[in-house]
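Text of query23.cif (mmCIF, C-alpha atoms, pLDDT in the B column; chains and numbers go by the auth columns) as supplied:
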```
data_query
loop_
_atom_site.group_PDB
_atom_site.id
_atom_site.type_symbol
_atom_site.label_atom_id
_atom_site.label_comp_id
_atom_site.label_asym_id
_atom_site.label_seq_id
_atom_site.Cartn_x
_atom_site.Cartn_y
_atom_site.Cartn_z
_atom_site.B_iso_or_equiv
_atom_site.auth_seq_id
_atom_site.auth_asym_id
ATOM 1 C CA VAL A 1 0.000 0.000 0.000 97.00 1 M
ATOM 2 C CA ILE A 2 1.285 3.457 -0.889 98.00 2 M
ATOM 3 C CA ARG A 3 0.003 7.027 -0.757 97.00 3 M
ATOM 4 C CA LEU A 4 0.581 9.352 -3.702 97.00 4 M
ATOM 5 C CA LEU A 5 0.355 13.074 -3.062 96.00 5 M
ATOM 6 C CA PRO A 6 -0.787 15.447 -5.813 96.00 6 M
ATOM 7 C CA ARG A 7 2.258 17.092 -7.373 93.00 7 M
ATOM 8 C CA GLU A 8 0.542 20.467 -7.787 90.00 8 M
ATOM 9 C CA THR A 9 -0.112 20.614 -4.027 87.00 9 M
ATOM 10 C CA TYR A 10 3.051 19.242 -2.413 83.00 10 M
ATOM 11 C CA ASP A 11 5.975 19.644 -4.854 83.00 11 M
ATOM 12 C CA ASN A 12 8.472 22.158 -3.416 82.00 12 M
ATOM 13 C CA VAL A 13 6.551 22.069 -0.111 82.00 13 M
ATOM 14 C CA LEU A 14 7.796 18.781 1.311 83.00 14 M
ATOM 15 C CA ALA A 15 11.458 17.948 1.781 80.00 15 M
ATOM 16 C CA ILE A 16 11.259 14.895 -0.500 86.00 16 M
ATOM 17 C CA HIS A 17 12.152 15.604 -4.140 87.00 17 M
ATOM 18 C CA GLY A 18 8.876 15.386 -6.107 88.00 18 M
ATOM 19 C CA GLY A 19 6.660 16.116 -3.103 90.00 19 M
ATOM 20 C CA GLY A 20 5.460 12.526 -2.694 91.00 20 M
ATOM 21 C CA ALA A 21 3.785 12.557 -6.119 93.00 21 M
ATOM 22 C CA TYR A 22 6.083 9.847 -7.526 95.00 22 M
ATOM 23 C CA TYR A 23 6.760 6.241 -6.637 97.00 23 M
ATOM 24 C CA SER A 24 9.247 3.619 -7.762 96.00 24 M
ATOM 25 C CA PHE A 25 7.805 0.129 -7.430 97.00 25 M
ATOM 26 C CA ALA A 26 11.242 -1.340 -8.170 94.00 26 M
ATOM 27 C CA ARG A 27 13.053 0.692 -5.478 94.00 27 M
ATOM 28 C CA LYS A 28 10.044 1.196 -3.165 95.00 28 M
ATOM 29 C CA THR A 29 10.604 4.916 -2.696 93.00 29 M
ATOM 30 C CA HIS A 30 8.751 8.172 -3.330 92.00 30 M
ATOM 31 C CA GLU A 31 11.994 10.047 -4.074 89.00 31 M
ATOM 32 C CA TYR A 32 11.843 11.401 -7.639 91.00 32 M
ATOM 33 C CA GLY A 33 14.776 11.047 -9.985 81.00 33 M
ATOM 34 C CA TYR A 34 15.899 7.468 -9.488 78.00 34 M
ATOM 35 C CA GLY A 35 13.588 5.478 -11.733 87.00 35 M
ATOM 36 C CA SER A 36 10.118 6.650 -10.732 94.00 36 M
ATOM 37 C CA ASP A 37 7.319 4.514 -12.191 97.00 37 M
ATOM 38 C CA ILE A 38 4.160 6.516 -11.460 97.00 38 M
ATOM 39 C CA GLU A 39 3.139 10.124 -10.882 97.00 39 M
ATOM 40 C CA LEU A 40 -0.052 11.750 -9.567 97.00 40 M
ATOM 41 C CA GLN A 41 -0.729 15.189 -11.038 96.00 41 M
ATOM 42 C CA ARG A 42 -3.965 17.097 -11.688 95.00 42 M
ATOM 43 C CA GLY A 43 -6.159 14.044 -11.072 96.00 43 M
ATOM 44 C CA GLY A 44 -4.221 11.854 -13.482 97.00 44 M
ATOM 45 C CA LEU A 45 -1.692 9.060 -13.221 98.00 45 M
ATOM 46 C CA SER A 46 1.226 8.936 -15.618 97.00 46 M
ATOM 47 C CA VAL A 47 4.335 6.913 -16.407 97.00 47 M
ATOM 48 C CA GLY A 48 7.612 7.848 -18.163 94.00 48 M
ATOM 49 C CA PHE A 49 9.118 11.122 -16.938 86.00 49 M
ATOM 50 C CA ALA A 50 12.774 11.561 -17.816 86.00 50 M
ATOM 51 C CA GLY A 51 15.279 10.760 -20.510 90.00 51 M
ATOM 52 C CA ALA A 52 14.270 7.808 -22.656 93.00 52 M
ATOM 53 C CA ASP A 53 11.975 6.277 -20.003 95.00 53 M
ATOM 54 C CA TYR A 54 8.385 5.524 -20.980 97.00 54 M
ATOM 55 C CA GLY A 55 5.544 3.162 -20.250 97.00 55 M
ATOM 56 C CA PHE A 56 1.893 2.327 -20.564 97.00 56 M
ATOM 57 C CA ILE A 57 -1.161 2.293 -18.293 97.00 57 M
ATOM 58 C CA VAL A 58 -4.515 0.659 -18.915 97.00 58 M
ATOM 59 C CA ASP A 59 -7.688 1.144 -16.868 97.00 59 M
ATOM 60 C CA LEU A 60 -9.403 -2.195 -16.147 97.00 60 M
ATOM 61 C CA ASP A 61 -12.394 -0.428 -14.559 97.00 61 M
ATOM 62 C CA ASN A 62 -13.610 -2.197 -11.397 96.00 62 M
ATOM 63 C CA ILE A 63 -11.955 -5.629 -11.814 97.00 63 M
ATOM 64 C CA PRO A 64 -10.762 -6.705 -8.344 98.00 64 M
ATOM 65 C CA LEU A 65 -6.985 -6.390 -7.909 98.00 65 M
ATOM 66 C CA ALA A 66 -6.819 -10.015 -6.741 98.00 66 M
ATOM 67 C CA ASN A 67 -8.219 -11.139 -10.126 98.00 67 M
ATOM 68 C CA VAL A 68 -5.530 -9.415 -12.224 98.00 68 M
ATOM 69 C CA THR A 69 -3.018 -11.902 -13.645 98.00 69 M
ATOM 70 C CA GLN A 70 -0.548 -12.002 -16.512 97.00 70 M
ATOM 71 C CA GLN A 71 -2.932 -14.332 -18.350 97.00 71 M
ATOM 72 C CA MET A 72 -5.603 -11.655 -18.882 96.00 72 M
ATOM 73 C CA ARG A 73 -6.142 -10.920 -22.577 94.00 73 M
ATOM 74 C CA GLU A 74 -6.663 -7.211 -21.755 94.00 74 M
ATOM 75 C CA ILE A 75 -3.007 -6.881 -20.757 96.00 75 M
ATOM 76 C CA LYS A 76 -1.358 -9.352 -23.162 95.00 76 M
ATOM 77 C CA PHE A 77 0.349 -6.458 -24.943 96.00 77 M
ATOM 78 C CA LEU A 78 1.912 -5.245 -21.686 97.00 78 M
ATOM 79 C CA VAL A 79 3.045 -8.729 -20.676 97.00 79 M
ATOM 80 C CA ASP A 80 4.648 -9.511 -24.062 97.00 80 M
ATOM 81 C CA TYR A 81 6.053 -6.052 -24.889 97.00 81 M
ATOM 82 C CA ARG A 82 9.817 -5.820 -25.363 97.00 82 M
ATOM 83 C CA PRO A 83 11.429 -2.375 -25.476 97.00 83 M
ATOM 84 C CA PRO A 84 13.766 -1.778 -28.402 97.00 84 M
ATOM 85 C CA PRO A 85 17.480 -1.330 -27.631 95.00 85 M
ATOM 86 C CA MET A 86 18.362 1.359 -30.209 96.00 86 M
ATOM 87 C CA LEU A 87 17.902 4.947 -29.061 94.00 87 M
ATOM 88 C CA ALA A 88 16.174 6.063 -32.278 94.00 88 M
ATOM 89 C CA ASP A 89 13.614 3.244 -31.916 95.00 89 M
ATOM 90 C CA ILE A 90 13.177 3.969 -28.211 96.00 90 M
ATOM 91 C CA ARG A 91 12.308 7.597 -29.031 95.00 91 M
ATOM 92 C CA LYS A 92 9.661 6.410 -31.521 96.00 92 M
ATOM 93 C CA GLU A 93 8.128 4.079 -28.930 96.00 93 M
ATOM 94 C CA GLN A 94 8.264 6.857 -26.355 95.00 94 M
ATOM 95 C CA THR A 95 6.198 9.098 -28.637 95.00 95 M
ATOM 96 C CA LYS A 96 3.746 6.291 -29.492 95.00 96 M
ATOM 97 C CA SER A 97 3.254 5.465 -25.793 95.00 97 M
ATOM 98 C CA ARG A 98 1.001 8.508 -25.384 95.00 98 M
ATOM 99 C CA GLU A 99 -1.713 6.625 -27.331 95.00 99 M
ATOM 100 C CA TYR A 100 -0.624 3.141 -28.356 95.00 100 M
ATOM 101 C CA GLN A 101 -3.303 1.211 -30.266 92.00 101 M
ATOM 102 C CA THR A 102 -2.911 -2.581 -30.186 91.00 102 M
ATOM 103 C CA ASP A 103 -5.026 -5.678 -30.855 85.00 103 M
ATOM 104 C CA SER A 104 -5.591 -5.785 -27.075 82.00 104 M
ATOM 105 C CA GLY A 105 -6.893 -2.200 -26.989 89.00 105 M
ATOM 106 C CA MET A 106 -5.596 1.304 -26.344 93.00 106 M
ATOM 107 C CA PHE A 107 -2.722 1.865 -23.939 96.00 107 M
ATOM 108 C CA SER A 108 -1.434 5.277 -22.931 97.00 108 M
ATOM 109 C CA SER A 109 1.088 6.984 -20.706 97.00 109 M
ATOM 110 C CA ARG A 110 -1.586 8.899 -18.751 97.00 110 M
ATOM 111 C CA VAL A 111 -5.016 8.007 -17.353 98.00 111 M
ATOM 112 C CA LEU A 112 -7.569 9.642 -15.115 98.00 112 M
ATOM 113 C CA ALA A 113 -7.278 8.438 -11.497 98.00 113 M
ATOM 114 C CA MET A 114 -10.679 6.913 -10.703 98.00 114 M
ATOM 115 C CA LEU A 115 -11.602 5.755 -7.212 97.00 115 M
ATOM 116 C CA GLY A 116 -12.292 2.009 -7.152 97.00 116 M
ATOM 117 C CA HIS A 117 -10.655 1.371 -10.528 98.00 117 M
ATOM 118 C CA THR A 118 -7.886 -1.131 -11.130 98.00 118 M
ATOM 119 C CA TYR A 119 -5.019 -0.401 -13.509 98.00 119 M
ATOM 120 C CA VAL A 120 -2.043 -2.192 -14.986 98.00 120 M
ATOM 121 C CA LEU A 121 1.158 -0.244 -15.540 98.00 121 M
ATOM 122 C CA ARG A 122 4.293 -1.213 -17.489 98.00 122 M
ATOM 123 C CA SER A 123 7.140 1.126 -16.586 98.00 123 M
ATOM 124 C CA ILE A 124 10.371 0.981 -18.593 98.00 124 M
ATOM 125 C CA ASP A 125 13.194 2.886 -16.905 96.00 125 M
ATOM 126 C CA PHE A 126 16.353 2.371 -18.933 95.00 126 M
ATOM 127 C CA GLU A 127 19.412 1.233 -17.005 93.00 127 M
ATOM 128 C CA THR A 128 17.184 0.935 -13.881 94.00 128 M
ATOM 129 C CA SER A 129 14.131 -1.346 -14.103 96.00 129 M
ATOM 130 C CA ASP A 130 11.243 -2.709 -16.168 98.00 130 M
ATOM 131 C CA VAL A 131 8.179 -3.670 -14.130 98.00 131 M
ATOM 132 C CA LEU A 132 4.593 -4.737 -14.698 98.00 132 M
ATOM 133 C CA ILE A 133 2.358 -3.621 -11.823 98.00 133 M
ATOM 134 C CA ALA A 134 -1.345 -4.019 -11.083 98.00 134 M
ATOM 135 C CA PHE A 135 -2.850 -1.480 -8.702 98.00 135 M
ATOM 136 C CA SER A 136 -6.172 -0.147 -7.533 98.00 136 M
ATOM 137 C CA ILE A 137 -7.198 3.154 -5.990 98.00 137 M
ATOM 138 C CA GLY A 138 -8.726 2.427 -2.623 98.00 138 M
ATOM 139 C CA ARG A 139 -9.241 5.960 -1.308 97.00 139 M
ATOM 140 C CA ARG A 140 -9.011 9.605 -2.328 97.00 140 M
ATOM 141 C CA ASP A 141 -8.499 12.048 0.545 97.00 141 M
ATOM 142 C CA VAL A 142 -9.693 15.680 0.706 96.00 142 M
ATOM 143 C CA ASP A 143 -6.231 16.953 -0.305 95.00 143 M
ATOM 144 C CA GLY A 144 -6.387 14.854 -3.506 95.00 144 M
ATOM 145 C CA SER A 145 -3.909 12.232 -2.310 97.00 145 M
ATOM 146 C CA LEU A 146 -4.559 8.601 -3.214 98.00 146 M
ATOM 147 C CA ILE A 147 -4.218 5.382 -1.274 98.00 147 M
ATOM 148 C CA ILE A 148 -3.096 2.733 -3.755 98.00 148 M
ATOM 149 C CA PHE A 149 -2.990 -1.024 -3.306 98.00 149 M
ATOM 150 C CA TRP A 150 -0.552 -2.720 -5.663 98.00 150 M
ATOM 151 C CA LYS A 151 1.084 -5.981 -6.622 98.00 151 M
ATOM 152 C CA LEU A 152 3.994 -6.923 -8.847 98.00 152 M
ATOM 153 C CA LEU A 153 2.988 -8.981 -11.874 98.00 153 M
ATOM 154 C CA ALA A 154 6.415 -9.202 -13.524 98.00 154 M
ATOM 155 C CA ASN A 155 9.919 -7.900 -13.138 98.00 155 M
ATOM 156 C CA TYR A 156 11.683 -7.886 -16.522 98.00 156 M
ATOM 157 C CA GLU A 157 15.380 -7.720 -17.311 97.00 157 M
ATOM 158 C CA LYS A 158 16.793 -4.218 -16.834 95.00 158 M
ATOM 159 C CA PRO A 159 16.565 -2.479 -20.244 96.00 159 M
ATOM 160 C CA THR A 160 19.682 -0.924 -21.743 95.00 160 M
ATOM 161 C CA ILE A 161 20.194 1.621 -24.498 95.00 161 M
ATOM 162 C CA VAL A 162 22.395 1.027 -27.527 91.00 162 M
ATOM 163 C CA ARG A 163 23.468 4.484 -28.610 81.00 163 M
ATOM 164 C CA ASP A 164 23.151 5.188 -32.327 65.00 164 M
ATOM 165 C CA LYS A 165 26.422 5.977 -34.076 67.00 165 M
ATOM 166 C CA ILE A 166 26.648 9.437 -35.573 61.00 166 M
ATOM 167 C CA GLU A 167 27.816 9.334 -39.175 46.00 167 M
ATOM 168 C CA ASN A 168 30.395 11.932 -40.260 44.00 168 M
#
```
Give the structure from the file, written as structure tokens.
Amino acid sequence: VIRLLPRETYDNVLAIHGGGAYYSFARKTHEYGYGSDIELQRGGLSVGFAGADYGFIVDLDNIPLANVTQQMREIKFLVDYRPPPMLADIRKEQTKSREYQTDSGMFSSRVLAMLGHTYVLRSIDFETSDVLIAFSIGRRDVDGSLIIFWKLLANYEKPTIVRDKIEN
């Protein structure tokens, strides 16, 4: 269980970098800047914040968190996805992640945070981690902060970047 604080309310107010609006499921910390996987800002949840990092989130509506498994057809794309190694291809995928249409449905890098909904997130943080997380929003407090229940579905091999050679 974690609490996410709205970035617009607590960033630059609290001592923690990012104001408690970010969380790294791989490192289990709210500290921004070291492979954050999720952000709460203006009522939305997003993934992919710095450098070449990107990811996808899908809203499964009110499916119970306990029922979310890797075998669900709704998340097959997220389970099977493999990030490309070349920087030019990574940048293309990063752009497409905003609205990524697949046979399994639409995946995006930002969704509206809905109380009672369950989501699946794939966060690809190059040189740091690659995780598949299921989570549900259990409570929204008066300050806009969220109580989130989560579970790890998969921990993939740490992705690396192959830098493109510059031709002279």
Excluding same-chain residues fewer than 6 positions from Arg27 of chain M, what lies within 10 Å of it counting all atoms listed in the file, as a VMD selection string?
chain M and resid 34 to 37 128 to 129
Quick one: which residues end up in the PyMOL selection byres ((chain M and resi 15-22) around 12) for this structure, as a PDB file with C-alpha atoms, keeping the file's coordinate frame?
```
ATOM      1  CA  ILE M   2       1.285   3.457  -0.889  1.00 98.00           C
ATOM      2  CA  ARG M   3       0.003   7.027  -0.757  1.00 97.00           C
ATOM      3  CA  LEU M   4       0.581   9.352  -3.702  1.00 97.00           C
ATOM      4  CA  LEU M   5       0.355  13.074  -3.062  1.00 96.00           C
ATOM      5  CA  PRO M   6      -0.787  15.447  -5.813  1.00 96.00           C
ATOM      6  CA  ARG M   7       2.258  17.092  -7.373  1.00 93.00           C
ATOM      7  CA  GLU M   8       0.542  20.467  -7.787  1.00 90.00           C
ATOM      8  CA  THR M   9      -0.112  20.614  -4.027  1.00 87.00           C
ATOM      9  CA  TYR M  10       3.051  19.242  -2.413  1.00 83.00           C
ATOM     10  CA  ASP M  11       5.975  19.644  -4.854  1.00 83.00           C
ATOM     11  CA  ASN M  12       8.472  22.158  -3.416  1.00 82.00           C
ATOM     12  CA  VAL M  13       6.551  22.069  -0.111  1.00 82.00           C
ATOM     13  CA  LEU M  14       7.796  18.781   1.311  1.00 83.00           C
ATOM     14  CA  TYR M  23       6.760   6.241  -6.637  1.00 97.00           C
ATOM     15  CA  SER M  24       9.247   3.619  -7.762  1.00 96.00           C
ATOM     16  CA  PHE M  25       7.805   0.129  -7.430  1.00 97.00           C
ATOM     17  CA  ARG M  27      13.053   0.692  -5.478  1.00 94.00           C
ATOM     18  CA  LYS M  28      10.044   1.196  -3.165  1.00 95.00           C
ATOM     19  CA  THR M  29      10.604   4.916  -2.696  1.00 93.00           C
ATOM     20  CA  HIS M  30       8.751   8.172  -3.330  1.00 92.00           C
ATOM     21  CA  GLU M  31      11.994  10.047  -4.074  1.00 89.00           C
ATOM     22  CA  TYR M  32      11.843  11.401  -7.639  1.00 91.00           C
ATOM     23  CA  GLY M  33      14.776  11.047  -9.985  1.00 81.00           C
ATOM     24  CA  TYR M  34      15.899   7.468  -9.488  1.00 78.00           C
ATOM     25  CA  GLY M  35      13.588   5.478 -11.733  1.00 87.00           C
ATOM     26  CA  SER M  36      10.118   6.650 -10.732  1.00 94.00           C
ATOM     27  CA  ASP M  37       7.319   4.514 -12.191  1.00 97.00           C
ATOM     28  CA  ILE M  38       4.160   6.516 -11.460  1.00 97.00           C
ATOM     29  CA  GLU M  39       3.139  10.124 -10.882  1.00 97.00           C
ATOM     30  CA  LEU M  40      -0.052  11.750  -9.567  1.00 97.00           C
ATOM     31  CA  GLN M  41      -0.729  15.189 -11.038  1.00 96.00           C
ATOM     32  CA  ARG M  42      -3.965  17.097 -11.688  1.00 95.00           C
ATOM     33  CA  GLY M  43      -6.159  14.044 -11.072  1.00 96.00           C
ATOM     34  CA  GLY M  44      -4.221  11.854 -13.482  1.00 97.00           C
ATOM     35  CA  LEU M  45      -1.692   9.060 -13.221  1.00 98.00           C
ATOM     36  CA  SER M  46       1.226   8.936 -15.618  1.00 97.00           C
ATOM     37  CA  VAL M  47       4.335   6.913 -16.407  1.00 97.00           C
ATOM     38  CA  GLY M  48       7.612   7.848 -18.163  1.00 94.00           C
ATOM     39  CA  PHE M  49       9.118  11.122 -16.938  1.00 86.00           C
ATOM     40  CA  GLY M 144      -6.387  14.854  -3.506  1.00 95.00           C
ATOM     41  CA  SER M 145      -3.909  12.232  -2.310  1.00 97.00           C
ATOM     42  CA  LEU M 146      -4.559   8.601  -3.214  1.00 98.00           C
ATOM     43  CA  ILE M 147      -4.218   5.382  -1.274  1.00 98.00           C
TER      44      ILE M 147
END
```
Hey, could you pull the box centre and edge lengths for segment 45-58 of chain M, axis-aligned, 8 Å padding per side, all listed atoms, to one decimal in Å, as lines of an AutoDock Vina configuration file?
```
center_x = 5.4
center_y = 6.1
center_z = -17.9
size_x = 35.8
size_y = 26.9
size_z = 25.4
```
Please, which residues in segment 119-147 of chain M fall within 8 Å of segment 57-60 of chain M when counting all atoms listed in the file, and what is the closest atom pair and distance in Å to one decimal for each, ordered by chain then residue number, as a Markdown table?
```
| residue | atom | partner | partner_atom | distance |
| --- | --- | --- | --- | --- |
| M:Tyr119 | CA | M:Asp59 | CA | 4.6 |
| M:Val120 | CA | M:Val58 | CA | 5.4 |
| M:Leu121 | CA | M:Ile57 | CA | 4.4 |
| M:Arg122 | CA | M:Ile57 | CA | 6.5 |
```
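Of the residues under consideration (M:Ser104, M:Asn67, M:Thr118, M:Thr160), M:Thr160 shows the shortest atom-to-atom contact distance to Pro83 of chain M when counting all atoms listed in the file.
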Take the PyMOL selection byres ((chain M and resi 79) around 10), apply it to the structure above, and return the hits as an mmCIF file with C-alpha atoms, in the frame of the given file.
```cif
data_model
loop_
_atom_site.group_PDB
_atom_site.id
_atom_site.type_symbol
_atom_site.label_atom_id
_atom_site.label_comp_id
_atom_site.auth_asym_id
_atom_site.auth_seq_id
_atom_site.Cartn_x
_atom_site.Cartn_y
_atom_site.Cartn_z
ATOM 1 C CA THR M 69 -3.018 -11.902 -13.645
ATOM 2 C CA GLN M 70 -0.548 -12.002 -16.512
ATOM 3 C CA GLN M 71 -2.932 -14.332 -18.350
ATOM 4 C CA MET M 72 -5.603 -11.655 -18.882
ATOM 5 C CA ARG M 73 -6.142 -10.920 -22.577
ATOM 6 C CA GLU M 74 -6.663 -7.211 -21.755
ATOM 7 C CA ILE M 75 -3.007 -6.881 -20.757
ATOM 8 C CA LYS M 76 -1.358 -9.352 -23.162
ATOM 9 C CA PHE M 77 0.349 -6.458 -24.943
ATOM 10 C CA LEU M 78 1.912 -5.245 -21.686
ATOM 11 C CA ASP M 80 4.648 -9.511 -24.062
ATOM 12 C CA TYR M 81 6.053 -6.052 -24.889
ATOM 13 C CA ARG M 82 9.817 -5.820 -25.363
ATOM 14 C CA ARG M 122 4.293 -1.213 -17.489
ATOM 15 C CA VAL M 131 8.179 -3.670 -14.130
ATOM 16 C CA LEU M 132 4.593 -4.737 -14.698
ATOM 17 C CA LEU M 153 2.988 -8.981 -11.874
ATOM 18 C CA ALA M 154 6.415 -9.202 -13.524
ATOM 19 C CA TYR M 156 11.683 -7.886 -16.522
#
```
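Of the residues under consideration (M:Ser97, M:Leu87, M:Asp141, M:Val68), M:Leu87 shows the shortest atom-to-atom contact distance to Pro159 of chain M when counting only C-alpha atoms.
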